[in-house]
Amino acid sequence: AGWGDPAEKGVARVMVQPHLILSCTLFFGVAAPSLLLAQDSPAGATDEDVNEFFAVEDFEMPSKLTLHGTFDFTYIHFDHSQNLDGFPTDRVTSVEPKLVLRYEPADEHVFLAEVELDGLEEELELEQLSYQYEPAHETEVGVGIQYIPFGIERFYNSPARNPLVDRPSPYRHILPGTYSDLGVFLSTEREWTDDWSLRIEAALTRSLEGPTRDDRPHPFDAIDQIQPSGRIGISTPYGVSAGVSGLLARYEDGAGGHEELTLTGVDLTFEHGETIVRAEAIFGEVGRADSLGGDYDRYGWYVEAYHRFPRLLPWGQAIETVVRYDDVDMNDSVRDFSDVRRYSFGVNWVLDESWRMKTEVSISREDGESVANDGRFIQLEYHF
């Protein structure tokens, strides 16, 4: 189907200096041999699933051990520093280099570790560190750090599986990042005919500490609240799949009490040949003490269309085109620059199984602001 699939911020975040970013960049780009994340997909996509997109073979390692990685070299330009996602006005960086190590001593046992360097926030993040057991066919139980099972954007967020450079704003600001945390996870898939299937995912993890990206749990935070989350998805024989997600967090409100954050998501995907269209919407209710302004609602949604043109040029494997529209309102009681509608357009050149050059133009329209917040991206991407 081409490049098209991709989890955000991990639970372990450690501040690093620019020289460490350079060191990690050199390691991922030079020491690692070739970019694909077979386990970049948090819901446990297999090597076979990923190779369907990328046609990349595993890097040879002893026995049941496999290693995958991703590296990118990205130029970012925004007309104004006051943009929704906090991108710099001008910067060259590696956005999300990462390594994924998978050990499978037996068919029903998997150990998984994933480490990512966030080049924008200059943080080293432990995305996954877990043990997964398959007690029955298509059923997995996981313990450790894994991605929160909410929505489908977690399958597309890394450079290797995201056809654009940036990510949909709803998955940075309504759900505070496609993030991972420590807990217990369950997923099961059942086929009632050859072409119809039902997938159920559920998790019990530590709770978010609030509604913003900075409120994602850190590894050593003492959090006594438990957060349930999950998704129910259906796949059909017509190239259409759909799902419903939910999350309930309970956190201290800063005024001596506890409040709740409730999130509900819906997703829809259509695939036909070289075309993929996907859409998601998230609706949230944020509890807040009356002394701090009271409760408020938030919402965000996006729709993205992707098409791959194989062998359009004599050099390389394909040309990709992609367009995305997203809309967010982080607080319905306030009208400011965070109420934004964004139009993104991308054209990519797939050089071979491991290399891709991406270009993107992002046009933003904020409520209550007159500053120009449009952006441009150029990204060279490599995976093995």
# chains A, B, ... in the order shown; residues from 1 in each chain; ligands from 1
>>> select_by_dssp(residues="stretch 134-295 of chain A", states="strand (DSSP E or B)", output="compact mmCIF listing (two decimals) with N, CA and C atoms, in the first residue's frame")
# COMPACT_ATOMS: atom_id res chain seq x y z
N GLU A 134 0.85 -14.34 24.98
CA GLU A 134 -0.30 -14.69 24.15
C GLU A 134 -0.89 -16.01 24.64
N PRO A 135 -1.90 -15.94 25.53
CA PRO A 135 -2.48 -17.17 26.09
C PRO A 135 -3.35 -17.92 25.09
N ALA A 136 -3.84 -17.20 24.08
CA ALA A 136 -4.68 -17.82 23.04
C ALA A 136 -4.43 -17.10 21.73
N THR A 139 -4.86 -13.18 21.05
CA THR A 139 -5.11 -12.55 22.35
C THR A 139 -3.78 -12.31 23.04
N GLU A 140 -3.55 -11.09 23.50
CA GLU A 140 -2.30 -10.73 24.16
C GLU A 140 -2.58 -10.05 25.49
N VAL A 141 -1.78 -10.39 26.49
CA VAL A 141 -1.79 -9.71 27.78
C VAL A 141 -0.40 -9.11 27.98
N GLY A 142 -0.35 -7.83 28.28
CA GLY A 142 0.93 -7.14 28.44
C GLY A 142 1.07 -6.50 29.81
N VAL A 143 2.30 -6.49 30.32
CA VAL A 143 2.62 -5.85 31.59
C VAL A 143 3.85 -4.99 31.39
N GLY A 144 3.79 -3.75 31.86
CA GLY A 144 4.93 -2.85 31.71
C GLY A 144 4.52 -1.53 31.11
N ILE A 145 5.43 -0.90 30.37
CA ILE A 145 5.16 0.37 29.71
C ILE A 145 4.76 0.10 28.27
N GLN A 146 3.54 0.48 27.93
CA GLN A 146 3.03 0.33 26.57
C GLN A 146 2.22 1.57 26.22
N TYR A 147 1.85 1.66 24.94
CA TYR A 147 1.06 2.79 24.48
C TYR A 147 -0.38 2.69 24.97
N SER A 180 2.61 6.68 26.32
CA SER A 180 2.63 5.37 26.94
C SER A 180 2.76 5.53 28.46
N ASP A 181 2.41 4.45 29.17
CA ASP A 181 2.50 4.50 30.63
C ASP A 181 2.58 3.08 31.18
N LEU A 182 2.83 3.01 32.47
CA LEU A 182 2.99 1.74 33.17
C LEU A 182 1.62 1.18 33.55
N GLY A 183 1.39 -0.10 33.19
CA GLY A 183 0.11 -0.69 33.54
C GLY A 183 -0.03 -2.10 33.03
N VAL A 184 -1.29 -2.54 32.96
CA VAL A 184 -1.66 -3.86 32.47
C VAL A 184 -2.51 -3.66 31.22
N PHE A 185 -2.23 -4.45 30.16
CA PHE A 185 -2.86 -4.23 28.87
C PHE A 185 -3.42 -5.55 28.34
N LEU A 186 -4.54 -5.45 27.63
CA LEU A 186 -5.18 -6.61 27.04
C LEU A 186 -5.65 -6.26 25.63
N SER A 187 -5.40 -7.15 24.68
CA SER A 187 -5.95 -6.97 23.33
C SER A 187 -6.36 -8.33 22.79
N THR A 188 -7.48 -8.35 22.09
CA THR A 188 -7.96 -9.59 21.49
C THR A 188 -8.68 -9.28 20.20
N GLU A 189 -8.56 -10.16 19.25
CA GLU A 189 -9.22 -9.98 17.96
C GLU A 189 -9.95 -11.26 17.59
N ARG A 190 -11.18 -11.10 17.13
CA ARG A 190 -12.01 -12.25 16.77
C ARG A 190 -12.60 -12.03 15.38
N GLU A 191 -12.53 -13.06 14.54
CA GLU A 191 -13.15 -13.03 13.22
C GLU A 191 -14.43 -13.86 13.26
N SER A 197 -13.97 -8.63 11.27
CA SER A 197 -13.28 -8.93 12.52
C SER A 197 -13.56 -7.83 13.54
N LEU A 198 -13.45 -8.21 14.80
CA LEU A 198 -13.66 -7.31 15.93
C LEU A 198 -12.41 -7.31 16.78
N ARG A 199 -11.88 -6.14 17.10
CA ARG A 199 -10.69 -6.02 17.94
C ARG A 199 -11.03 -5.20 19.19
N ILE A 200 -10.66 -5.73 20.34
CA ILE A 200 -10.90 -5.06 21.62
C ILE A 200 -9.57 -4.86 22.32
N GLU A 201 -9.31 -3.62 22.75
CA GLU A 201 -8.10 -3.29 23.50
C GLU A 201 -8.51 -2.58 24.80
N ALA A 202 -7.84 -2.90 25.89
CA ALA A 202 -8.14 -2.27 27.17
C ALA A 202 -6.87 -2.16 27.99
N ALA A 203 -6.84 -1.18 28.89
CA ALA A 203 -5.66 -0.98 29.74
C ALA A 203 -6.08 -0.36 31.06
N LEU A 204 -5.34 -0.71 32.10
CA LEU A 204 -5.40 -0.03 33.39
C LEU A 204 -4.01 0.50 33.68
N THR A 205 -3.88 1.82 33.75
CA THR A 205 -2.58 2.45 33.95
C THR A 205 -2.69 3.51 35.03
N ARG A 206 -1.57 4.16 35.31
CA ARG A 206 -1.60 5.32 36.19
C ARG A 206 -2.34 6.45 35.49
N ILE A 226 -6.04 5.27 39.31
CA ILE A 226 -5.98 4.31 38.21
C ILE A 226 -6.82 4.84 37.05
N GLN A 227 -6.28 4.70 35.83
CA GLN A 227 -6.95 5.23 34.64
C GLN A 227 -7.32 4.09 33.70
N PRO A 228 -8.61 3.86 33.46
CA PRO A 228 -9.02 2.88 32.45
C PRO A 228 -9.07 3.54 31.07
N SER A 229 -8.69 2.78 30.05
CA SER A 229 -8.77 3.26 28.67
C SER A 229 -8.94 2.08 27.75
N GLY A 230 -9.38 2.33 26.52
CA GLY A 230 -9.54 1.22 25.61
C GLY A 230 -10.17 1.64 24.29
N ARG A 231 -10.20 0.68 23.37
CA ARG A 231 -10.79 0.91 22.05
C ARG A 231 -11.44 -0.38 21.56
N ILE A 232 -12.58 -0.23 20.88
CA ILE A 232 -13.26 -1.32 20.20
C ILE A 232 -13.30 -0.97 18.72
N GLY A 233 -12.75 -1.86 17.86
CA GLY A 233 -12.68 -1.58 16.44
C GLY A 233 -13.25 -2.71 15.61
N ILE A 234 -13.81 -2.36 14.46
CA ILE A 234 -14.38 -3.32 13.52
C ILE A 234 -13.73 -3.14 12.17
N SER A 235 -13.34 -4.25 11.52
CA SER A 235 -12.81 -4.23 10.16
C SER A 235 -13.78 -4.96 9.25
N VAL A 240 -13.08 -0.70 4.76
CA VAL A 240 -13.50 0.26 5.78
C VAL A 240 -13.32 -0.35 7.16
N SER A 241 -12.72 0.40 8.07
CA SER A 241 -12.63 0.01 9.47
C SER A 241 -13.02 1.20 10.32
N ALA A 242 -13.57 0.93 11.51
CA ALA A 242 -14.04 1.99 12.39
C ALA A 242 -13.82 1.57 13.83
N GLY A 243 -13.75 2.57 14.72
CA GLY A 243 -13.54 2.27 16.12
C GLY A 243 -14.05 3.36 17.04
N VAL A 244 -14.23 2.98 18.29
CA VAL A 244 -14.63 3.91 19.36
C VAL A 244 -13.66 3.72 20.52
N SER A 245 -13.18 4.85 21.07
CA SER A 245 -12.21 4.81 22.18
C SER A 245 -12.72 5.60 23.37
N GLY A 246 -12.18 5.28 24.54
CA GLY A 246 -12.55 6.01 25.75
C GLY A 246 -11.41 6.04 26.74
N LEU A 247 -11.40 7.06 27.59
CA LEU A 247 -10.37 7.22 28.63
C LEU A 247 -10.97 8.03 29.77
N LEU A 248 -10.70 7.60 31.00
CA LEU A 248 -11.18 8.32 32.17
C LEU A 248 -10.02 8.53 33.14
N ALA A 249 -9.60 9.79 33.30
CA ALA A 249 -8.50 10.13 34.21
C ALA A 249 -9.04 10.91 35.40
N ARG A 250 -8.38 10.73 36.54
CA ARG A 250 -8.76 11.45 37.76
C ARG A 250 -7.48 12.03 38.35
N TYR A 251 -7.48 13.33 38.63
CA TYR A 251 -6.25 14.00 39.04
C TYR A 251 -6.55 15.11 40.05
N GLU A 252 -5.50 15.55 40.75
CA GLU A 252 -5.64 16.66 41.69
C GLU A 252 -5.82 17.95 40.91
N HIS A 258 -10.11 16.62 43.76
CA HIS A 258 -9.84 15.82 42.58
C HIS A 258 -10.88 16.12 41.51
N GLU A 259 -10.45 16.10 40.28
CA GLU A 259 -11.33 16.31 39.14
C GLU A 259 -11.14 15.19 38.13
N GLU A 260 -12.04 15.12 37.15
CA GLU A 260 -11.98 14.06 36.16
C GLU A 260 -11.79 14.64 34.76
N LEU A 261 -11.05 13.92 33.95
CA LEU A 261 -10.90 14.20 32.53
C LEU A 261 -11.48 13.00 31.78
N THR A 262 -12.52 13.24 31.01
CA THR A 262 -13.17 12.18 30.25
C THR A 262 -12.97 12.45 28.76
N LEU A 263 -12.44 11.46 28.04
CA LEU A 263 -12.19 11.60 26.61
C LEU A 263 -12.89 10.48 25.86
N THR A 264 -13.53 10.84 24.76
CA THR A 264 -14.19 9.88 23.87
C THR A 264 -13.71 10.12 22.46
N GLY A 265 -13.34 9.05 21.76
CA GLY A 265 -12.85 9.19 20.39
C GLY A 265 -13.55 8.26 19.43
N VAL A 266 -13.67 8.70 18.18
CA VAL A 266 -14.20 7.86 17.11
C VAL A 266 -13.22 7.93 15.95
N ASP A 267 -13.05 6.84 15.21
CA ASP A 267 -12.12 6.82 14.09
C ASP A 267 -12.71 6.04 12.94
N LEU A 268 -12.29 6.39 11.72
CA LEU A 268 -12.77 5.76 10.50
C LEU A 268 -11.63 5.72 9.49
N THR A 269 -11.41 4.58 8.86
CA THR A 269 -10.35 4.42 7.86
C THR A 269 -10.91 3.72 6.63
N PHE A 270 -10.49 4.21 5.45
CA PHE A 270 -10.86 3.58 4.19
C PHE A 270 -9.58 3.35 3.38
N GLU A 271 -9.37 2.13 2.92
CA GLU A 271 -8.20 1.78 2.12
C GLU A 271 -8.66 1.11 0.83
N HIS A 272 -8.10 1.60 -0.28
CA HIS A 272 -8.39 1.00 -1.57
C HIS A 272 -7.19 1.19 -2.48
N THR A 275 -4.62 4.14 -2.08
CA THR A 275 -5.26 5.28 -1.42
C THR A 275 -5.66 4.90 0.01
N ILE A 276 -5.36 5.79 0.94
CA ILE A 276 -5.77 5.63 2.34
C ILE A 276 -6.41 6.94 2.79
N VAL A 277 -7.62 6.86 3.31
CA VAL A 277 -8.30 8.02 3.90
C VAL A 277 -8.64 7.66 5.34
N ARG A 278 -8.25 8.51 6.27
CA ARG A 278 -8.56 8.25 7.68
C ARG A 278 -9.02 9.54 8.35
N ALA A 279 -9.87 9.37 9.36
CA ALA A 279 -10.42 10.51 10.09
C ALA A 279 -10.62 10.10 11.54
N GLU A 280 -10.42 11.07 12.43
CA GLU A 280 -10.65 10.84 13.86
C GLU A 280 -11.21 12.10 14.50
N ALA A 281 -12.00 11.90 15.54
CA ALA A 281 -12.51 13.01 16.34
C ALA A 281 -12.40 12.64 17.81
N ILE A 282 -12.04 13.63 18.64
CA ILE A 282 -11.92 13.43 20.09
C ILE A 282 -12.75 14.50 20.79
N PHE A 283 -13.53 14.07 21.76
CA PHE A 283 -14.35 14.98 22.55
C PHE A 283 -13.99 14.79 24.02
N GLY A 284 -13.78 15.88 24.73
CA GLY A 284 -13.35 15.80 26.11
C GLY A 284 -14.13 16.70 27.05
N GLU A 285 -14.28 16.25 28.28
CA GLU A 285 -14.85 17.05 29.36
C GLU A 285 -13.79 17.15 30.45
N VAL A 286 -13.39 18.36 30.78
CA VAL A 286 -12.32 18.59 31.74
C VAL A 286 -12.92 19.18 33.02
>>> atom_distance(atom1="atom CA of A:Thr178", atom2="atom CA of A:Arg154")
5.8 Å
>>> atom_distance(atom1="atom CA of A:Tyr302", atom2="atom CA of A:Tyr325")
5.5 Å
>>> closest_residue(among="A:Asp72, A:Glu353, A:Glu116, A:Asp329", to="A:Lys98", atoms="only C-alpha atoms")
A:Glu116
>>> closest_residue(among="A:Lys64, A:Thr89, A:Gly375, A:Gly119", to="A:Ala106", atoms="only C-alpha atoms")
A:Lys64
>>> atom_distance(atom1="atom CA of A:Pro168", atom2="atom CA of A:Asp339")
13.9 Å
>>> residues_around(residues="A:Pro159", least_positions_apart="2", cutoff="9 Å", atoms="only C-alpha atoms", output="list in words")
Pro6, Thr70, Phe71, Asp72, Val95, Glu96, Pro97, Tyr156, Asn157, Arg161, Asn162, Pro163, Leu164, Val165, Asp166, Gln379, Glu381 and Tyr382 of chain A
>>> write_last_selection(atoms="C-alpha atoms", output="PDB file, in the first residue's frame")
ATOM      1  CA  PRO A   6       2.578   4.856  12.532  1.00  0.00           C
ATOM      2  CA  THR A  70      14.264   5.204  12.532  1.00  0.00           C
ATOM      3  CA  PHE A  71      16.187   8.398  11.894  1.00  0.00           C
ATOM      4  CA  ASP A  72      15.175  11.715  10.361  1.00  0.00           C
ATOM      5  CA  VAL A  95      12.550  15.051  15.239  1.00  0.00           C
ATOM      6  CA  GLU A  96      12.062  11.466  16.443  1.00  0.00           C
ATOM      7  CA  PRO A  97      14.986   9.044  16.100  1.00  0.00           C
ATOM      8  CA  TYR A 156       0.954   6.556  12.287  1.00  0.00           C
ATOM      9  CA  ASN A 157       2.893   8.936  14.493  1.00  0.00           C
ATOM     10  CA  ARG A 161       4.613   5.691   9.160  1.00  0.00           C
ATOM     11  CA  ASN A 162       3.431   9.297   8.980  1.00  0.00           C
ATOM     12  CA  PRO A 163       3.079  10.574   5.398  1.00  0.00           C
ATOM     13  CA  LEU A 164       3.359  14.169   6.657  1.00  0.00           C
ATOM     14  CA  VAL A 165       6.091  15.641   8.868  1.00  0.00           C
ATOM     15  CA  ASP A 166       3.957  17.019  11.684  1.00  0.00           C
ATOM     16  CA  GLN A 379      12.409  15.882   6.099  1.00  0.00           C
ATOM     17  CA  GLU A 381      13.814   9.940   6.569  1.00  0.00           C
ATOM     18  CA  TYR A 382      15.718   6.679   6.940  1.00  0.00           C
TER      19      TYR A 382
END
